[in-house]
file protein.cif (mmCIF, C-alpha atoms and all ligand atoms)
data_run
loop_
_atom_site.label_atom_id
_atom_site.label_comp_id
_atom_site.auth_asym_id
_atom_site.auth_seq_id
_atom_site.Cartn_x
_atom_site.Cartn_y
_atom_site.Cartn_z
CA MET A 1 243.50 151.67 188.43
CA LYS A 2 246.98 151.72 187.07
CA HIS A 3 249.32 148.76 187.01
CA SER A 4 252.48 150.32 185.85
CA PHE A 5 254.43 148.94 188.74
CA ASN A 6 257.88 148.02 189.87
CA ARG A 7 259.49 148.85 186.57
CA ARG A 8 258.28 152.36 187.21
CA THR A 9 259.97 152.31 190.60
CA LEU A 10 263.20 151.01 189.10
CA PHE A 11 263.11 153.63 186.42
CA LYS A 12 262.64 156.30 189.05
CA LEU A 13 265.60 154.97 190.97
CA PHE A 14 268.03 154.13 188.24
CA GLY A 15 266.83 155.67 185.01
CA TRP A 16 266.23 153.65 181.87
CA PRO A 17 269.62 151.96 181.27
CA GLY A 18 270.05 151.07 184.93
CA ALA A 19 266.53 149.81 185.30
CA VAL A 20 266.75 147.58 182.27
CA THR A 21 270.06 146.17 183.48
CA LEU A 22 268.62 145.47 186.90
CA LEU A 23 265.25 144.24 185.78
CA VAL A 24 266.38 141.30 183.72
CA PRO A 25 268.54 139.54 186.33
CA PHE A 26 266.09 140.45 189.08
CA GLN A 27 263.20 138.71 187.39
CA GLY A 28 265.29 135.74 186.37
CA CYS A 29 266.60 135.35 189.89
CA ALA A 30 263.16 135.71 191.32
CA LEU A 31 261.69 133.00 189.15
CA GLY A 32 264.53 130.63 189.89
CA ILE A 33 264.54 131.19 193.63
CA HIS A 34 264.47 128.14 195.86
CA GLU A 35 261.47 128.32 198.12
CA GLU A 36 261.32 126.47 201.39
CA PRO A 37 257.76 125.31 202.01
CA LEU A 38 256.06 127.01 204.94
CA PRO A 39 255.34 124.82 207.97
CA GLN A 40 251.80 123.56 208.40
CA GLY A 41 249.26 124.09 211.14
CA THR A 42 245.57 123.79 211.88
CA PHE A 43 243.60 127.02 212.12
CA SER A 44 243.68 126.76 215.89
CA GLU A 45 247.45 126.30 215.87
CA ARG A 46 248.01 129.11 213.39
CA CYS A 47 245.71 131.42 215.33
CA SER A 48 247.51 130.81 218.63
CA ALA A 49 251.04 131.09 217.24
CA PRO A 50 253.41 133.73 218.64
CA GLY A 51 252.97 137.08 216.94
CA VAL A 52 249.31 136.67 216.06
CA ILE A 53 247.41 139.93 216.45
CA ARG A 54 243.91 138.77 215.63
CA CYS A 55 242.05 135.99 213.86
CA PHE A 56 238.55 135.21 212.71
CA GLY A 57 237.11 131.74 212.14
CA PHE A 58 233.69 133.18 211.21
CA GLU A 59 231.99 130.90 213.68
CA GLN A 60 228.60 131.53 215.27
CA ASP A 61 230.00 133.10 218.40
CA GLU A 62 231.78 135.75 216.30
CA LEU A 63 228.91 136.30 213.95
CA ALA A 64 225.93 136.57 216.25
CA SER A 65 223.87 139.64 215.43
CA ASN A 66 224.10 140.62 219.08
CA GLY A 67 226.85 139.85 221.49
CA GLY A 68 229.55 138.97 218.99
CA PRO A 69 232.37 141.25 217.94
CA ILE A 70 231.05 141.52 214.39
CA VAL A 71 228.42 144.20 213.94
CA TRP A 72 226.16 143.64 210.96
CA GLY A 73 225.01 146.39 208.63
CA ARG A 74 227.21 149.17 209.96
CA HIS A 75 230.34 150.80 208.66
CA ASP A 76 231.37 152.40 211.96
CA ALA A 77 232.08 149.42 214.24
CA ARG A 78 235.46 148.03 215.19
CA VAL A 79 234.57 144.86 213.29
CA GLY A 80 231.59 144.73 211.02
CA THR A 81 229.94 144.14 207.69
CA PHE A 82 227.87 146.25 205.37
CA VAL A 83 226.54 146.26 201.86
CA ASN A 84 227.09 149.39 199.83
CA GLY A 85 223.96 151.50 199.60
CA MET A 86 222.20 149.72 202.47
CA ARG A 87 221.12 151.62 205.55
CA PRO A 88 221.96 150.50 209.10
CA GLY A 89 219.38 148.07 210.34
CA ARG A 90 218.09 147.22 206.89
CA ARG A 91 218.10 143.57 205.95
CA LEU A 92 221.16 142.62 203.95
CA ASP A 93 219.25 140.44 201.50
CA GLY A 94 221.60 137.56 202.19
CA ARG A 95 224.37 139.12 200.20
CA ILE A 96 226.84 138.63 203.02
CA GLU A 97 226.11 135.98 205.57
CA ILE A 98 227.25 133.21 207.82
CA ALA A 99 227.36 130.02 205.78
CA ASN A 100 227.85 126.41 206.62
CA ASP A 101 227.71 124.98 203.12
CA PHE A 102 231.49 125.24 202.75
CA THR A 103 234.07 125.89 205.45
CA ALA A 104 237.85 125.81 205.52
CA SER A 105 237.67 124.98 209.22
CA GLY A 106 235.04 124.91 211.94
CA ALA A 107 231.34 124.96 211.22
CA SER A 108 230.96 128.12 209.19
CA SER A 109 232.52 130.72 206.95
CA LEU A 110 231.74 134.18 205.60
CA LYS A 111 229.82 133.98 202.32
CA PHE A 112 229.37 136.78 199.82
CA PHE A 113 226.57 136.64 197.27
CA MET A 114 226.88 138.69 194.09
CA PRO A 115 223.56 138.49 192.27
CA SER A 116 222.80 139.28 188.67
CA ARG A 117 222.18 142.98 187.98
CA SER A 118 224.08 144.09 191.07
CA ASN A 119 226.39 147.01 191.53
CA GLY A 120 230.04 146.69 192.51
CA GLY A 121 229.42 146.75 196.24
CA HIS A 122 226.26 144.65 196.50
CA ALA A 123 228.18 141.58 197.59
CA GLY A 124 229.11 143.48 200.74
CA GLN A 125 232.23 144.13 202.74
CA PHE A 126 233.73 142.78 205.95
CA TYR A 127 236.16 144.93 207.89
CA ALA A 128 238.13 144.51 211.09
CA ASN A 129 240.42 146.80 212.98
CA PHE A 130 243.53 145.02 214.20
CA SER A 131 242.27 145.50 217.78
CA ASP A 132 238.99 146.62 219.32
CA ASP A 133 240.73 149.30 221.37
CA LEU A 134 242.48 150.58 218.21
CA SER A 135 245.84 150.25 219.93
CA VAL A 136 247.45 148.15 217.20
CA GLN A 137 248.68 150.67 214.62
CA LEU A 138 251.63 149.50 212.54
CA SER A 139 254.06 152.01 211.11
CA GLU A 140 257.75 152.45 210.23
CA GLY A 141 259.82 149.53 211.46
CA ASP A 142 256.81 147.22 211.83
CA GLU A 143 255.75 144.32 209.67
CA PHE A 144 252.65 142.18 209.43
CA PHE A 145 251.25 139.17 207.64
CA ILE A 146 247.61 138.61 206.66
CA GLN A 147 246.48 135.13 205.69
CA TRP A 148 243.01 134.10 204.58
CA ARG A 149 241.31 131.17 202.92
CA GLN A 150 239.01 131.94 199.99
CA ARG A 151 236.72 129.88 197.84
CA PHE A 152 235.11 130.94 194.56
CA SER A 153 232.07 129.48 192.84
CA THR A 154 232.63 128.46 189.24
CA SER A 155 230.24 131.22 188.18
CA PHE A 156 232.22 133.81 190.13
CA LEU A 157 235.34 133.10 188.09
CA ASP A 158 233.56 132.41 184.79
CA ASN A 159 231.44 135.56 184.71
CA ARG A 160 232.84 138.38 182.66
CA TYR A 161 231.75 141.38 184.62
CA ARG A 162 231.38 144.61 182.72
CA PRO A 163 233.27 146.79 182.20
CA TYR A 164 236.51 145.83 184.00
CA ASN A 165 236.10 142.28 185.37
CA SER A 166 238.53 143.31 188.09
CA TRP A 167 237.40 142.37 191.58
CA LYS A 168 239.16 142.91 194.86
CA GLN A 169 239.94 140.23 197.42
CA MET A 170 241.44 142.03 200.39
CA ILE A 171 242.48 145.52 201.40
CA VAL A 172 244.73 146.42 204.29
CA GLY A 173 244.95 150.09 205.08
CA GLU A 174 244.78 152.84 207.61
CA GLY A 175 243.26 151.85 210.94
CA ASP A 176 240.52 153.72 212.74
CA ARG A 177 241.67 155.98 215.55
CA PRO A 178 239.65 157.42 218.43
CA GLY A 179 237.39 159.98 216.78
CA LYS A 180 238.53 159.03 213.29
CA LEU A 181 236.61 156.51 211.22
CA VAL A 182 238.59 155.47 208.15
CA SER A 183 237.20 154.10 204.88
CA SER A 184 238.86 151.43 202.77
CA CYS A 185 240.26 154.03 200.35
CA THR A 186 243.47 155.27 201.98
CA GLN A 187 246.82 156.51 200.77
CA LEU A 188 248.75 153.68 202.39
CA GLU A 189 246.40 150.84 201.41
CA VAL A 190 247.71 147.62 199.88
CA VAL A 191 245.11 145.77 197.82
CA VAL A 192 245.08 142.18 196.59
CA THR A 193 242.96 141.98 193.48
CA ASN A 194 242.89 140.46 190.05
CA LYS A 195 243.88 142.53 187.07
CA GLY A 196 240.91 141.53 185.01
CA THR A 197 243.09 139.16 183.04
CA ARG A 198 241.92 135.78 181.82
CA PRO A 199 242.42 133.49 183.51
CA ALA A 200 242.03 135.67 186.59
CA SER A 201 245.13 135.73 188.77
CA PRO A 202 246.02 137.59 191.97
CA SER A 203 247.93 140.85 191.81
CA VAL A 204 248.67 143.70 194.17
CA TYR A 205 248.46 147.46 194.00
CA HIS A 206 249.23 150.22 196.44
CA SER A 207 247.46 153.43 197.39
CA CYS A 208 244.02 154.81 196.70
CA ARG A 209 245.35 157.32 194.16
CA GLY A 210 247.59 158.84 196.82
CA LYS A 211 251.11 157.88 195.73
CA ASP A 212 252.35 160.62 193.46
CA GLY A 213 248.68 161.21 192.71
CA ASP A 214 247.94 157.69 191.54
CA SER A 215 247.55 154.05 192.48
CA GLU A 216 250.51 151.86 191.64
CA GLY A 217 250.30 148.29 190.39
CA ILE A 218 253.01 145.91 191.58
CA ASP A 219 253.96 143.17 189.15
CA VAL A 220 253.92 139.63 190.48
CA TRP A 221 256.62 137.13 189.49
CA ARG A 222 254.24 134.63 188.09
CA THR A 223 250.57 134.34 187.31
CA PHE A 224 248.70 131.96 189.56
CA PRO A 225 245.19 131.39 188.17
CA PHE A 226 242.35 131.25 190.66
CA VAL A 227 240.71 127.85 190.91
CA ALA A 228 237.00 127.47 191.60
CA GLU A 229 235.26 125.18 194.09
CA GLN A 230 238.19 124.74 196.46
CA TRP A 231 239.74 126.57 199.40
CA MET A 232 242.73 128.55 198.20
CA THR A 233 245.11 130.20 200.68
CA PHE A 234 246.53 133.72 200.37
CA GLN A 235 249.13 135.42 202.55
CA LEU A 236 250.27 139.02 202.21
CA HIS A 237 253.41 140.30 203.95
CA VAL A 238 253.99 144.03 204.40
CA LYS A 239 257.20 145.30 205.99
CA ILE A 240 257.17 149.03 206.53
CA GLY A 241 260.45 150.84 205.96
CA THR A 242 260.54 154.61 205.61
CA TRP A 243 257.24 156.16 204.59
CA TYR A 244 257.37 157.71 201.15
CA LYS A 245 256.17 161.32 201.40
CA ASN A 246 255.41 162.02 197.73
CA ASP A 247 258.60 164.06 197.62
CA ARG A 248 260.36 161.97 194.94
CA ARG A 249 262.81 160.75 197.55
CA TYR A 250 262.59 156.98 197.34
CA HIS A 251 263.99 154.76 200.06
CA HIS A 252 263.17 151.34 198.64
CA ASP A 253 263.24 149.84 202.14
CA SER A 254 259.71 148.52 202.49
CA LEU A 255 258.81 145.02 201.34
CA ILE A 256 255.67 143.49 199.90
CA GLU A 257 255.29 139.72 199.45
CA LEU A 258 252.41 137.48 198.46
CA TRP A 259 251.99 133.71 198.71
CA VAL A 260 249.18 131.73 197.09
CA ALA A 261 248.23 128.07 197.41
CA ARG A 262 245.71 125.76 195.90
CA GLU A 263 243.94 123.52 198.35
CA ASN A 264 246.22 120.83 199.78
CA GLU A 265 249.25 122.25 198.06
CA PRO A 266 252.12 124.26 199.56
CA SER A 267 252.01 128.03 199.20
CA ARG A 268 254.09 129.54 196.43
CA LYS A 269 255.52 133.01 196.64
CA ILE A 270 254.38 135.00 193.63
CA LEU A 271 255.63 138.42 194.71
CA SER A 272 258.58 139.78 196.71
CA GLN A 273 259.29 143.40 196.00
CA ASN A 274 261.34 146.04 197.79
CA TYR A 275 259.11 149.04 197.69
CA ASP A 276 258.09 152.51 198.84
CA LEU A 277 254.83 152.78 200.77
CA ALA A 278 253.26 156.23 200.56
CA ASN A 279 251.99 157.92 203.70
CA ASN A 280 252.02 161.66 204.32
CA ASN A 281 249.94 161.56 207.50
CA VAL A 282 251.95 161.13 210.69
CA ASN A 283 248.83 159.89 212.47
CA ALA A 284 248.00 157.22 209.89
CA ALA A 285 249.23 153.63 210.21
CA TYR A 286 248.13 150.16 209.12
CA GLY A 287 245.36 148.93 211.36
CA LYS A 288 242.31 147.74 209.41
CA VAL A 289 241.67 144.85 207.04
CA TRP A 290 238.82 144.47 204.56
CA LEU A 291 237.51 141.35 202.81
CA LEU A 292 235.40 142.24 199.79
CA PRO A 293 234.70 140.99 196.28
CA TYR A 294 234.25 144.60 195.22
CA LEU A 295 234.07 145.39 191.52
CA GLY A 296 234.78 149.02 190.78
CA GLY A 297 232.32 150.44 188.26
CA LYS A 298 230.37 147.18 187.85
CA ASP A 299 227.54 147.55 185.34
CA ALA A 300 224.37 147.00 187.41
CA SER A 301 222.33 146.29 184.29
CA GLN A 302 224.39 143.23 183.37
CA GLU A 303 222.69 139.88 183.80
CA HIS A 304 224.99 137.06 184.84
CA PRO A 305 224.79 133.82 186.82
CA ASP A 306 224.67 134.38 190.57
CA ALA A 307 228.19 134.36 191.94
CA PHE A 308 229.52 133.43 195.36
CA THR A 309 232.78 133.67 197.25
CA TRP A 310 233.52 132.42 200.76
CA TYR A 311 236.23 133.51 203.21
CA ASP A 312 237.45 131.67 206.28
CA ASP A 313 240.42 131.53 208.68
CA LEU A 314 241.50 135.18 208.56
CA ILE A 315 244.72 135.70 210.55
CA ILE A 316 246.67 138.91 211.15
CA SER A 317 250.13 138.36 212.60
CA ARG A 318 253.46 140.06 213.17
CA THR A 319 255.22 136.88 212.04
CA ALA A 320 254.87 134.59 209.03
CA ILE A 321 251.84 132.32 209.22
CA ALA A 322 252.04 128.57 208.58
CA ASP A 323 250.18 126.95 205.71
CA PRO A 324 246.97 125.08 206.45
CA VAL A 325 247.51 121.38 207.07
CA ARG A 326 247.54 119.44 203.82
CA ARG A 327 245.91 116.08 203.45
CA CA B 1 235.31 128.78 210.02
#
call {"tool": "encode", "arguments": {"input": "protein.cif", "output": "C-alpha cells"}}
result
Amino acid sequence: MKHSFNRRTLFKLFGWPGAVTLLVPFQGCALGIHEEPLPQGTFSERCSAPGVIRCFGFEQDELASNGGPIVWGRHDARVGTFVNGMRPGRRLDGRIEIANDFTASGASSLKFFMPSRSNGGHAGQFYANFSDDLSVQLSEGDEFFIQWRQRFSTSFLDNRYRPYNSWKQMIVGEGDRPGKLVSSCTQLEVVVTNKGTRPASPSVYHSCRGKDGDSEGIDVWRTFPFVAEQWMTFQLHVKIGTWYKNDRRYHHDSLIELWVARENEPSRKILSQNYDLANNNVNAAYGKVWLLPYLGGKDASQEHPDAFTWYDDLIISRTAIADPVRR
C-alpha cells in the first residue's frame, strides 16, 4: 500500500513550485479551521433521520442465523459475514459473532476475534450492500456518509502485528449488481485504515491498485490516536464529482472527509480533501460497505495476545450523520 497522497495530487495539478505554494497555506488553514460540532442523536434518531439509506444495530433480529438479513458464512449474500478461508456452512470458530459484552446501543454488537497465530483475514469480514435489491448505486453527482462506532481491546492496539501492523477498519466500494458479485478490492474503493504508525491513528486510501496502477494514500490533517476500551465514532464522507479515468485528466471535484471522536466527545474532522476518485467502469458505482479488521500479509506464525474489536451502530446516509449523544 502506498501513502504518497494529496501532495502527489497537487504536484500533478500544479507542478512542484505551485504545489509547494499551495500546500503550506492549505495545511495551515485546515488545521486552524473552526469546526462547528455536529448535532447529537440516539442511534434510533440517527437511523431514522432524512437521507438515511440503511443502518445496522447488530441486534438479534438482524443477526439470526435464519430469517435475518445477515447471512453467516457466505460471501455472496446481500448482507453477510465470512471468515477468509472458511467454507460456507462451516463453523466460524467464534471469530466473528454477535456479542453482548459491550454495545454502543441496544443489546448487542458485532465482535471480531483475532486469535494468536491467525492470518490476516481470520477475524472475519462483514459486508452489506446499500440495499437488498441492489438499487442504491451512487455515482457522479451523489454523496454519502458512513458512520460507525468501534471499540478496540487493549491487546488489539498494543499488539505489533508482523510484518506491517496495518489493519483496516472499513471499506466502501463497488456495489453488487444483478449477476455481478463484487469483492472488497475495487478500483473505486475508499478504505479507512491505520498506517501502521505508533500510536495507531486512522488514515484513508483510495483504490485497490487501480488509480494510475496503484493505491493512493490520502494524508489526514492531524493524527488522532485510537483509544482502547471505549466506543469511538468514525464518519466518512464521500462526494463523487467526475470519475477519474486514469487518463491524467484530473478534475479535483470529488471530496473525501473523515471525522473521529472519542467516546463522549464531539467528533473532530481530521480530513477534508478535494480529490479524484478513479473509476473506468461505467457500470460500477458505490454500493457496498465492509467492516473488517483485516491485516494484509499478517504473519500467521506470530504469537500474540488474543485481540478483539467490536462494531455497532453502522449508518449509511446521503446526508451528514449526527454524533452519538454524549453524557
Ligand atoms: Ca447494537
call {"tool": "residues_around", "arguments": {"input": "protein.cif", "residues": "Asp76 of chain A", "least_positions_apart": "4", "cutoff": "9 Å", "atoms": "all atoms listed in the file", "output": "ChimeraX atom specification"}}
result
/A:71,80,181-182
call {"tool": "atom_distance", "arguments": {"input": "protein.cif", "atom1": "atom CA of Asn165 of chain A", "atom2": "atom CA of Asn119 of chain A"}}
result
12.4 Å
call {"tool": "closest_residue", "arguments": {"input": "protein.cif", "among": "A:His122, A:Arg151, A:Arg318, A:His206", "to": "Val83 of chain A", "atoms": "all atoms listed in the file"}}
result
A:His122
call {"tool": "residues_around", "arguments": {"input": "protein.cif", "residues": "Arg117 of chain A", "least_positions_apart": "2", "cutoff": "6 Å", "atoms": "all atoms listed in the file", "output": "list in words"}}
result
Ala300, Ser301, Gln302 and Glu303 of chain A
call {"tool": "closest_residue", "arguments": {"input": "protein.cif", "among": "A:His304, A:Lys269, A:Gly296, A:Pro324", "to": "Gly121 of chain A", "atoms": "all atoms listed in the file"}}
result
A:Gly296
call {"tool": "residues_around", "arguments": {"input": "protein.cif", "residues": "segment 241-243 of chain A", "least_positions_apart": "4", "cutoff": "12 Å", "atoms": "all atoms listed in the file", "output": "VMD selection string"}}
result
chain A and resid 138 to 143 187 to 188 211 247 to 256 274 to 282 284 to 286
call {"tool": "closest_residue", "arguments": {"input": "protein.cif", "among": "A:Ser166, A:Gln60, A:Ser317, A:Thr309", "to": "Thr154 of chain A", "atoms": "all atoms listed in the file"}}
result
A:Thr309
call {"tool": "decode", "arguments": {"input": "protein.cif", "residues": "segment 282-317 of chain A", "atoms": "C-alpha atoms", "output": "mmCIF file, in the first residue's frame"}}
result
data_model
loop_
_atom_site.group_PDB
_atom_site.id
_atom_site.type_symbol
_atom_site.label_atom_id
_atom_site.label_comp_id
_atom_site.auth_asym_id
_atom_site.auth_seq_id
_atom_site.Cartn_x
_atom_site.Cartn_y
_atom_site.Cartn_z
ATOM 1 C CA VAL A 282 -19.472 2.839 -16.400
ATOM 2 C CA ASN A 283 -21.441 0.112 -14.626
ATOM 3 C CA ALA A 284 -19.561 0.425 -11.333
ATOM 4 C CA ALA A 285 -20.764 2.681 -8.513
ATOM 5 C CA TYR A 286 -20.522 2.845 -4.731
ATOM 6 C CA GLY A 287 -22.938 0.402 -3.181
ATOM 7 C CA LYS A 288 -21.283 -1.911 -0.649
ATOM 8 C CA VAL A 289 -19.661 -1.375 2.739
ATOM 9 C CA TRP A 290 -17.294 -3.709 4.579
ATOM 10 C CA LEU A 291 -16.324 -3.792 8.255
ATOM 11 C CA LEU A 292 -13.144 -5.768 8.802
ATOM 12 C CA PRO A 293 -10.027 -5.697 10.960
ATOM 13 C CA TYR A 294 -8.116 -7.163 8.032
ATOM 14 C CA LEU A 295 -4.336 -7.225 8.185
ATOM 15 C CA GLY A 296 -2.749 -7.624 4.789
ATOM 16 C CA GLY A 297 0.082 -10.157 4.852
ATOM 17 C CA LYS A 298 -0.271 -10.919 8.579
ATOM 18 C CA ASP A 299 2.304 -13.473 9.730
ATOM 19 C CA ALA A 300 0.223 -16.490 10.822
ATOM 20 C CA SER A 301 3.119 -17.886 12.839
ATOM 21 C CA GLN A 302 3.231 -14.892 15.169
ATOM 22 C CA GLU A 303 2.035 -15.484 18.705
ATOM 23 C CA HIS A 304 0.303 -12.522 20.309
ATOM 24 C CA PRO A 305 -2.393 -11.874 22.903
ATOM 25 C CA ASP A 306 -5.896 -12.532 21.603
ATOM 26 C CA ALA A 307 -7.298 -9.337 20.153
ATOM 27 C CA PHE A 308 -10.864 -8.108 19.813
ATOM 28 C CA THR A 309 -12.695 -5.295 18.100
ATOM 29 C CA TRP A 310 -16.419 -4.545 18.223
ATOM 30 C CA TYR A 311 -18.585 -2.560 15.783
ATOM 31 C CA ASP A 312 -22.027 -1.126 16.387
ATOM 32 C CA ASP A 313 -24.444 1.490 15.008
ATOM 33 C CA LEU A 314 -23.475 1.367 11.333
ATOM 34 C CA ILE A 315 -25.331 4.051 9.351
ATOM 35 C CA ILE A 316 -25.180 4.819 5.631
ATOM 36 C CA SER A 317 -26.782 8.122 4.676
#
